[in-house]
Amino acid sequence: MKQVLVRSGNVFLKEVPAPTVGPKNILVSVNRSCISIGTEVAGIKMSGLPLYKRALKQPHHVKRVVQLMRDHGIARVYRQVKTKLDGGLPAGYSASGTVVEVGSQVSGFQVGDRVACGGAGIANHAELIDVPVNLAVHIPGNLDFDRAASVTLGAIALQGLRRAKPTLGETFVVIGLGILGQITAQLLKANGCHIIGTDLDSERVEIARQNGLDIGVIAAGPELVDAVMKITDGHGADGVIITAVSQSSQILSDAFNLCRKKARVVIVGDVGLDMARDEIYNKELDVLISCSYGPGRYDQVYEEEGQDYPFPYVRWTENRNMAEYLQKLASGTVSLDNMLEEPFPIEEAVAAYNKLSRPGRKPLLTIFKYPEEAGIMPRTLLFGSATSRLDKVNVAIVGAGEFAQGTHLPNLVKLKQSVCLHTIVSRTGLSAQRTAERFGAVQASTDFDAVLSNREINLVLIASRHDLHAPMVLQALRAGKNVFVEKPLALTAEQIDEIEEYYKNTSSAPLLMTGFNRRFAPAIDRIRMGLANRKSPIIVNYRMNAGYLPSDHWVHGEQGGGRNLGEACHIYDLFSALTGSMPVDVYARSINSGGTYWRADDNFVATIRYEDGSVCTLTYTSLGAKSFAKEQVEVFADGTVWSLDDYKRLDVFGVGSGWRGRIDKGHKQELEALIRALQSGSGWPISLAEQLATSRVALAVEQQLAA
């Protein structure tokens, strides 16, 4: 399918694999998409800046990148950021079209429904979009696709209005009469307010007048303040809604100065926020920020997982704002008639953006139109520069997230003598294509079923969300594919039982390996060699200084399964590797913090006893300092102690020598062991019994932490 992308200050149209529908989403064939002149043109200019200049303009992104660099290393994160930017970023966040497929957990939408959709990275300028249900609304029967495509802009304007809480007869000033200002002025008028609109563009002021603006002012600074004071008989405005875009804070100062005492100022546009205290304090002004489309915005549970807020308690969510705006369009309360221009065909996207980027007057509202008959859109695209190899292990990577791109894919490239990167699978076609091009894969796809039916592929590496691991593992095994799955193998006892049952009832079953990499680390190899001829059970103390994660982090939710199941399982497997024995009982307890800041699986101690008499203890905590080592392990056996500091320094006391090196947790070595097993037909790198036992230990710990 065709999709508009932005890269290095330019716009281009690219063919990418069509998306598949998520279980809680709807798949929409786009009819129209709306270009946000201010936001998108600014984004294009931003993409042309060097990385350091972009960082200075977007400090909130810098904080996340710095944290990732601390966790994963500067070079790795830099490559990931640069690859993402070089591959192109999706453009667009407001669209309308027709539902062509409905997710398995969706109600309220049917194939053939006309819908309007919002969301950056979701309602893109693309022929097909996969949209979570809370970011889609039905289009009223008498409203066309052109106007409905402005749904996101309308919801933003409506949320700004709700923050201002206008009442009948009040005087409001709208600063900035771009498309947001135009819609805001009409919504205020519908609320019975007297509206003063201001912009330095006389044509925009005239358009607003045609749509019901009471008074238009072409001025700024002291002239604007004087004009408003005269219009309001010296009292000042009851409220101001700022919809302008400017790096200057002068707009904010003007808004404060033209207000009456105890007025409200709502910031919708992107303006400078340097405030003079006296301008606010002396009038006791309320200064409010409007968060985009409304309640629910930036809430992953609401937007991605489709969990609505209770109607009686959150009357106006972003979804309900979107729907109400469309009703106002349908009834004629809001009109776009004198703002809409002839739509650009999506094939002319580059020309459209070039026109919008030129100096001079810009249209208020620009629309892309898409072919009425879209035809078949392939979910798999081939690249001419690579081919599969029958003499190698042809691997499909399912999930093109940060971990796969930063760890597994670079390691597989290093193993290219034995491995062929066949297919990159991701839920979004752009992510799959970008990753496939970067690492030289044969093809990019959004279709997991196509991977399973492809006879050339003999290894499926699953690096998707944790909650998808077990279902995908079973699908791949039943399709006859060898499987490497990132930890955890499963999140429930039923899933573990189902995997075990599959192997009991299947002869010549494919290989299964869970990504318990720490047992393959060079330092752990040295410890295991030292334990090979031990005469007694061992004691292992493992301390993980895991760091704090906020309660709304994805790891804590349904997708991640929690920190014990999602991360501590690594250590339970390591205990099995060190003891060479099976667990017989588990005891786990968490701290009682007396509040909700920490979860039970943030801070706990788990002790596991093994058949050979060994006892292993994990201390997992988020209470420690970030400056302290993340992982430390001590192994006691036969008068010898092995002390490992963060997988880079091993000290041995008693018999043997230590080891020094860079942090190496065995990620490359685990893949090497897997490839050797597949090519030689030798034993599994980690036995099925150990993988199942480790998963059951994690579940046993989970149950005790919840008790």
# chains A, B, ... in the order shown; residues from 1 in each chain; ligands from 1
>>> residues_around(residues="Glu500 in chain A", least_positions_apart="4", cutoff="12 Å", atoms="only C-alpha atoms", output="JSON, numbers by chain")
{"A": [470, 473, 474, 477, 489, 490, 493, 494, 495, 496, 504, 505, 506, 509, 512, 688, 689, 690, 691, 692, 693, 695, 696]}
>>> select_by_dssp(residues="range 88-282 of chain A", states="strand (DSSP E or B)", output="PyMOL selection string")
chain A and resi 89-90+94-102+114-118+126+128-132+136-138+171-175+194-198+215-217+237-242+246+259-267+271
>>> residues_around(residues="range 244-257 of chain A", least_positions_apart="3", cutoff="10 Å", atoms="only C-alpha atoms", output="ChimeraX atom specification")
/A:38-39,42,173-181,198-199,220-226,228-229,236-237,239-241,260-261,263-276,278-280,283,285-287
>>> residues_around(residues="Ala349 in chain A", least_positions_apart="4", cutoff="12 Å", atoms="only C-alpha atoms", output="JSON list (two decimals) with all heavy atoms, in the first residue's frame")
[["chain", "number", "residue", "atom", "x", "y", "z"],
["A", 2, "LYS", "N", 0.29, 2.37, -0.40],
["A", 2, "LYS", "CA", 1.02, 3.64, -0.43],
["A", 2, "LYS", "C", 0.90, 4.33, 0.92],
["A", 2, "LYS", "O", -0.17, 4.37, 1.52],
["A", 2, "LYS", "CB", 0.46, 4.54, -1.53],
["A", 2, "LYS", "CG", 0.66, 4.01, -2.95],
["A", 2, "LYS", "CD", 0.08, 4.98, -3.97],
["A", 2, "LYS", "CE", 0.30, 4.46, -5.39],
["A", 2, "LYS", "NZ", -0.43, 3.20, -5.63],
["A", 3, "GLN", "N", 2.03, 4.90, 1.38],
["A", 3, "GLN", "CA", 2.03, 5.65, 2.63],
["A", 3, "GLN", "C", 2.98, 6.83, 2.51],
["A", 3, "GLN", "O", 4.05, 6.73, 1.92],
["A", 3, "GLN", "CB", 2.46, 4.76, 3.81],
["A", 3, "GLN", "CG", 2.46, 5.48, 5.15],
["A", 3, "GLN", "CD", 2.58, 4.55, 6.33],
["A", 3, "GLN", "OE1", 2.59, 3.32, 6.17],
["A", 3, "GLN", "NE2", 2.66, 5.10, 7.52],
["A", 4, "VAL", "N", 2.58, 7.96, 3.08],
["A", 4, "VAL", "CA", 3.39, 9.18, 3.05],
["A", 4, "VAL", "C", 4.35, 9.14, 4.23],
["A", 4, "VAL", "O", 3.95, 8.92, 5.38],
["A", 4, "VAL", "CB", 2.50, 10.44, 3.13],
["A", 4, "VAL", "CG1", 3.37, 11.69, 3.20],
["A", 4, "VAL", "CG2", 1.56, 10.51, 1.94],
["A", 5, "LEU", "N", 5.63, 9.38, 3.95],
["A", 5, "LEU", "CA", 6.66, 9.39, 4.98],
["A", 5, "LEU", "C", 7.45, 10.69, 4.91],
["A", 5, "LEU", "O", 7.53, 11.33, 3.86],
["A", 5, "LEU", "CB", 7.62, 8.20, 4.79],
["A", 5, "LEU", "CG", 6.98, 6.81, 4.80],
["A", 5, "LEU", "CD1", 8.02, 5.75, 4.50],
["A", 5, "LEU", "CD2", 6.31, 6.53, 6.14],
["A", 6, "VAL", "N", 8.05, 11.05, 6.05],
["A", 6, "VAL", "CA", 8.86, 12.26, 6.15],
["A", 6, "VAL", "C", 10.28, 11.85, 6.54],
["A", 6, "VAL", "O", 10.47, 11.07, 7.48],
["A", 6, "VAL", "CB", 8.28, 13.22, 7.21],
["A", 6, "VAL", "CG1", 9.19, 14.43, 7.38],
["A", 6, "VAL", "CG2", 6.89, 13.66, 6.82],
["A", 10, "ASN", "N", 12.21, 16.18, 3.86],
["A", 10, "ASN", "CA", 11.47, 15.92, 2.62],
["A", 10, "ASN", "C", 10.33, 14.94, 2.86],
["A", 10, "ASN", "O", 10.32, 14.18, 3.83],
["A", 10, "ASN", "CB", 12.42, 15.34, 1.56],
["A", 10, "ASN", "CG", 13.51, 16.31, 1.17],
["A", 10, "ASN", "OD1", 13.22, 17.43, 0.73],
["A", 10, "ASN", "ND2", 14.75, 15.91, 1.32],
["A", 11, "VAL", "N", 9.38, 14.97, 1.94],
["A", 11, "VAL", "CA", 8.24, 14.05, 1.96],
["A", 11, "VAL", "C", 8.37, 13.10, 0.79],
["A", 11, "VAL", "O", 8.78, 13.50, -0.31],
["A", 11, "VAL", "CB", 6.92, 14.84, 1.85],
["A", 11, "VAL", "CG1", 5.73, 13.90, 1.70],
["A", 11, "VAL", "CG2", 6.72, 15.71, 3.07],
["A", 12, "PHE", "N", 8.04, 11.83, 0.99],
["A", 12, "PHE", "CA", 8.04, 10.89, -0.12],
["A", 12, "PHE", "C", 6.94, 9.86, 0.08],
["A", 12, "PHE", "O", 6.46, 9.65, 1.19],
["A", 12, "PHE", "CB", 9.40, 10.21, -0.30],
["A", 12, "PHE", "CG", 9.88, 9.44, 0.89],
["A", 12, "PHE", "CD1", 9.80, 8.05, 0.92],
["A", 12, "PHE", "CD2", 10.45, 10.09, 1.98],
["A", 12, "PHE", "CE1", 10.26, 7.33, 2.01],
["A", 12, "PHE", "CE2", 10.91, 9.37, 3.08],
["A", 12, "PHE", "CZ", 10.81, 7.99, 3.09],
["A", 13, "LEU", "N", 6.52, 9.27, -1.00],
["A", 13, "LEU", "CA", 5.47, 8.26, -1.01],
["A", 13, "LEU", "C", 6.12, 6.90, -1.21],
["A", 13, "LEU", "O", 6.93, 6.72, -2.12],
["A", 13, "LEU", "CB", 4.48, 8.55, -2.13],
["A", 13, "LEU", "CG", 3.13, 7.83, -2.09],
["A", 13, "LEU", "CD1", 2.33, 8.25, -0.87],
["A", 13, "LEU", "CD2", 2.34, 8.13, -3.36],
["A", 14, "LYS", "N", 5.75, 5.94, -0.35],
["A", 14, "LYS", "CA", 6.43, 4.65, -0.41],
["A", 14, "LYS", "C", 5.43, 3.51, -0.36],
["A", 14, "LYS", "O", 4.38, 3.62, 0.29],
["A", 14, "LYS", "CB", 7.40, 4.53, 0.76],
["A", 14, "LYS", "CG", 8.30, 3.30, 0.70],
["A", 14, "LYS", "CD", 9.52, 3.47, 1.55],
["A", 14, "LYS", "CE", 10.50, 2.32, 1.33],
["A", 14, "LYS", "NZ", 11.79, 2.56, 1.95],
["A", 33, "SER", "N", -7.77, 11.85, 4.01],
["A", 33, "SER", "CA", -6.98, 12.18, 5.20],
["A", 33, "SER", "C", -6.65, 13.66, 5.16],
["A", 33, "SER", "O", -6.49, 14.24, 4.09],
["A", 33, "SER", "CB", -5.70, 11.33, 5.28],
["A", 33, "SER", "OG", -4.84, 11.56, 4.19],
["A", 34, "CYS", "N", -6.59, 14.24, 6.33],
["A", 34, "CYS", "CA", -6.48, 15.69, 6.47],
["A", 34, "CYS", "C", -5.05, 16.08, 6.82],
["A", 34, "CYS", "O", -4.45, 15.51, 7.73],
["A", 34, "CYS", "CB", -7.45, 16.17, 7.55],
["A", 34, "CYS", "SG", -7.37, 17.92, 7.91],
["A", 35, "ILE", "N", -4.50, 17.04, 6.09],
["A", 35, "ILE", "CA", -3.17, 17.55, 6.40],
["A", 35, "ILE", "C", -3.30, 18.68, 7.41],
["A", 35, "ILE", "O", -4.03, 19.65, 7.20],
["A", 35, "ILE", "CB", -2.47, 18.10, 5.13],
["A", 35, "ILE", "CG1", -2.37, 17.03, 4.06],
["A", 35, "ILE", "CG2", -1.09, 18.63, 5.49],
["A", 35, "ILE", "CD1", -1.80, 17.53, 2.75],
["A", 91, "ALA", "N", 3.43, 10.30, 8.41],
["A", 91, "ALA", "CA", 2.79, 11.61, 8.49],
["A", 91, "ALA", "C", 1.27, 11.43, 8.59],
["A", 91, "ALA", "O", 0.72, 10.44, 8.14],
["A", 91, "ALA", "CB", 3.14, 12.45, 7.26],
["A", 92, "GLY", "N", 0.61, 12.42, 9.19],
["A", 92, "GLY", "CA", -0.85, 12.41, 9.26],
["A", 92, "GLY", "C", -1.38, 11.91, 10.58],
["A", 92, "GLY", "O", -0.75, 11.05, 11.22],
["A", 125, "HIS", "N", -1.44, 9.18, 6.68],
["A", 125, "HIS", "CA", -1.70, 9.32, 5.25],
["A", 125, "HIS", "C", -1.29, 8.00, 4.60],
["A", 125, "HIS", "O", -0.15, 7.83, 4.15],
["A", 125, "HIS", "CB", -0.91, 10.48, 4.65],
["A", 125, "HIS", "CG", -1.21, 11.81, 5.27],
["A", 125, "HIS", "ND1", -2.50, 12.26, 5.45],
["A", 125, "HIS", "CD2", -0.40, 12.80, 5.73],
["A", 125, "HIS", "CE1", -2.47, 13.47, 6.00],
["A", 125, "HIS", "NE2", -1.21, 13.80, 6.19],
["A", 126, "ALA", "N", -2.19, 7.05, 4.58],
["A", 126, "ALA", "CA", -1.91, 5.71, 4.06],
["A", 126, "ALA", "C", -3.20, 5.09, 3.57],
["A", 126, "ALA", "O", -4.29, 5.46, 4.02],
["A", 126, "ALA", "CB", -1.27, 4.84, 5.15],
["A", 343, "PRO", "N", -9.39, 18.31, -3.08],
["A", 343, "PRO", "CA", -8.42, 17.36, -2.51],
["A", 343, "PRO", "C", -7.30, 17.01, -3.49],
["A", 343, "PRO", "O", -7.50, 16.99, -4.71],
["A", 343, "PRO", "CB", -9.28, 16.12, -2.21],
["A", 343, "PRO", "CG", -10.68, 16.62, -2.15],
["A", 343, "PRO", "CD", -10.75, 17.75, -3.12],
["A", 344, "PHE", "N", -6.14, 16.73, -2.94],
["A", 344, "PHE", "CA", -5.01, 16.22, -3.73],
["A", 344, "PHE", "C", -5.10, 14.70, -3.79],
["A", 344, "PHE", "O", -5.30, 14.05, -2.75],
["A", 344, "PHE", "CB", -3.68, 16.59, -3.07],
["A", 344, "PHE", "CG", -3.26, 18.01, -3.23],
["A", 344, "PHE", "CD1", -3.61, 18.96, -2.29],
["A", 344, "PHE", "CD2", -2.50, 18.40, -4.33],
["A", 344, "PHE", "CE1", -3.20, 20.28, -2.42],
["A", 344, "PHE", "CE2", -2.09, 19.71, -4.47],
["A", 344, "PHE", "CZ", -2.45, 20.66, -3.52],
["A", 345, "PRO", "N", -4.93, 14.09, -4.95],
["A", 345, "PRO", "CA", -4.78, 12.62, -4.99],
["A", 345, "PRO", "C", -3.55, 12.22, -4.18],
["A", 345, "PRO", "O", -2.53, 12.93, -4.19],
["A", 345, "PRO", "CB", -4.60, 12.32, -6.48],
["A", 345, "PRO", "CG", -5.14, 13.52, -7.19],
["A", 345, "PRO", "CD", -4.87, 14.69, -6.30],
["A", 353, "TYR", "N", 2.75, 18.77, -0.51],
["A", 353, "TYR", "CA", 3.56, 19.31, 0.58],
["A", 353, "TYR", "C", 4.51, 20.39, 0.09],
["A", 353, "TYR", "O", 4.79, 21.36, 0.81],
["A", 353, "TYR", "CB", 4.35, 18.18, 1.25],
["A", 353, "TYR", "CG", 3.55, 17.42, 2.27],
["A", 353, "TYR", "CD1", 3.02, 16.17, 1.98],
["A", 353, "TYR", "CD2", 3.33, 17.94, 3.54],
["A", 353, "TYR", "CE1", 2.28, 15.46, 2.92],
["A", 353, "TYR", "CE2", 2.60, 17.24, 4.48],
["A", 353, "TYR", "CZ", 2.07, 16.00, 4.17],
["A", 353, "TYR", "OH", 1.33, 15.31, 5.10],
["A", 354, "ASN", "N", 5.03, 20.23, -1.12],
["A", 354, "ASN", "CA", 5.90, 21.27, -1.68],
["A", 354, "ASN", "C", 5.14, 22.59, -1.80],
["A", 354, "ASN", "O", 5.66, 23.67, -1.50],
["A", 354, "ASN", "CB", 6.44, 20.84, -3.04],
["A", 354, "ASN", "CG", 7.49, 19.76, -2.92],
["A", 354, "ASN", "OD1", 8.10, 19.59, -1.86],
["A", 354, "ASN", "ND2", 7.72, 19.02, -4.00],
["A", 355, "LYS", "N", 3.89, 22.50, -2.22],
["A", 355, "LYS", "CA", 3.06, 23.70, -2.35],
["A", 355, "LYS", "C", 2.81, 24.33, -0.98],
["A", 355, "LYS", "O", 2.88, 25.55, -0.83],
["A", 355, "LYS", "CB", 1.73, 23.34, -3.02],
["A", 355, "LYS", "CG", 0.79, 24.53, -3.20],
["A", 355, "LYS", "CD", -0.51, 24.10, -3.87],
["A", 355, "LYS", "CE", -1.47, 25.29, -3.99],
["A", 355, "LYS", "NZ", -2.75, 24.90, -4.64],
["A", 356, "LEU", "N", 2.54, 23.50, 0.01],
["A", 356, "LEU", "CA", 2.26, 24.01, 1.34],
["A", 356, "LEU", "C", 3.49, 24.60, 2.02],
["A", 356, "LEU", "O", 3.37, 25.43, 2.93],
["A", 356, "LEU", "CB", 1.68, 22.89, 2.21],
["A", 356, "LEU", "CG", 0.33, 22.33, 1.79],
["A", 356, "LEU", "CD1", -0.03, 21.13, 2.66],
["A", 356, "LEU", "CD2", -0.75, 23.39, 1.90],
["A", 366, "THR", "N", -6.34, 21.21, 3.95],
["A", 366, "THR", "CA", -5.96, 20.46, 2.75],
["A", 366, "THR", "C", -6.23, 18.98, 2.98],
["A", 366, "THR", "O", -5.91, 18.44, 4.05],
["A", 366, "THR", "CB", -4.47, 20.69, 2.42],
["A", 366, "THR", "OG1", -4.25, 22.08, 2.20],
["A", 366, "THR", "CG2", -4.06, 19.92, 1.17],
["A", 367, "ILE", "N", -6.78, 18.34, 1.96],
["A", 367, "ILE", "CA", -7.22, 16.95, 2.08],
["A", 367, "ILE", "C", -6.54, 16.10, 1.01],
["A", 367, "ILE", "O", -6.37, 16.53, -0.13],
["A", 367, "ILE", "CB", -8.76, 16.85, 1.89],
["A", 367, "ILE", "CG1", -9.48, 17.72, 2.91],
["A", 367, "ILE", "CG2", -9.23, 15.40, 1.99],
["A", 367, "ILE", "CD1", -9.40, 17.25, 4.32],
["A", 368, "PHE", "N", -6.15, 14.88, 1.40],
["A", 368, "PHE", "CA", -5.73, 13.87, 0.42],
["A", 368, "PHE", "C", -6.93, 12.98, 0.11],
["A", 368, "PHE", "O", -7.69, 12.61, 1.02],
["A", 368, "PHE", "CB", -4.60, 12.99, 0.97],
["A", 368, "PHE", "CG", -3.25, 13.64, 0.97],
["A", 368, "PHE", "CD1", -2.43, 13.56, 2.08],
["A", 368, "PHE", "CD2", -2.79, 14.32, -0.14],
["A", 368, "PHE", "CE1", -1.18, 14.15, 2.10],
["A", 368, "PHE", "CE2", -1.54, 14.92, -0.15],
["A", 368, "PHE", "CZ", -0.74, 14.84, 0.98],
["A", 369, "LYS", "N", -7.08, 12.60, -1.14],
["A", 369, "LYS", "CA", -8.11, 11.62, -1.49],
["A", 369, "LYS", "C", -7.43, 10.35, -2.01],
["A", 369, "LYS", "O", -6.34, 10.39, -2.57],
["A", 369, "LYS", "CB", -9.07, 12.18, -2.52],
["A", 369, "LYS", "CG", -8.48, 12.50, -3.89],
["A", 369, "LYS", "CD", -9.56, 13.03, -4.83],
["A", 369, "LYS", "CE", -8.97, 13.37, -6.20],
["A", 369, "LYS", "NZ", -10.02, 13.88, -7.13],
["A", 370, "TYR", "N", -8.11, 9.23, -1.82],
["A", 370, "TYR", "CA", -7.55, 7.92, -2.13],
["A", 370, "TYR", "C", -8.43, 7.23, -3.17],
["A", 370, "TYR", "O", -9.62, 7.54, -3.30],
["A", 370, "TYR", "CB", -7.45, 7.08, -0.86],
["A", 370, "TYR", "CG", -6.51, 7.67, 0.16],
["A", 370, "TYR", "CD1", -6.88, 8.78, 0.93],
["A", 370, "TYR", "CD2", -5.23, 7.15, 0.34],
["A", 370, "TYR", "CE1", -6.02, 9.34, 1.86],
["A", 370, "TYR", "CE2", -4.36, 7.71, 1.27],
["A", 370, "TYR", "CZ", -4.76, 8.81, 2.02],
["A", 370, "TYR", "OH", -3.89, 9.37, 2.93]]
>>> residues_around(residues="Ala404 in chain A", least_positions_apart="2", cutoff="12 Å", atoms="only C-alpha atoms", output="ChimeraX atom specification")
/A:76,80,396-402,406-412,424-426,431-432,435-436,439,461-465,485-486,515,667
>>> residues_around(residues="Tyr93 in chain A", least_positions_apart="2", cutoff="6 Å", atoms="only C-alpha atoms", output="ChimeraX atom specification")
/A:118-120,123-124
>>> closest_residue(among="A:Leu213, A:Ala227, A:Ala352, A:Ala208", to="Ile196 in chain A", atoms="only C-alpha atoms")
A:Leu213
>>> residues_around(residues="range 535-543 of chain A", least_positions_apart="3", cutoff="12 Å", atoms="only C-alpha atoms", output="VMD selection string")
chain A and resid 527 to 528 530 to 532 546 568 570 to 572 574 to 581 603 to 624 628 to 646
>>> closest_residue(among="A:Ser357, A:Thr98, A:Gly547, A:Phe311", to="Ala625 in chain A", atoms="only C-alpha atoms")
A:Gly547
>>> select_by_dssp(residues="range 169-359 of chain A", states="helix (DSSP H, G or I)", output="MDAnalysis selection string")
chainID A and resid 179:190 202:210 222:231 250:257 277:281 300:303 318:331 346:357
>>> closest_residue(among="A:Asn211, A:Asp602, A:Phe172, A:Arg438", to="Leu258 in chain A", atoms="only C-alpha atoms")
A:Phe172
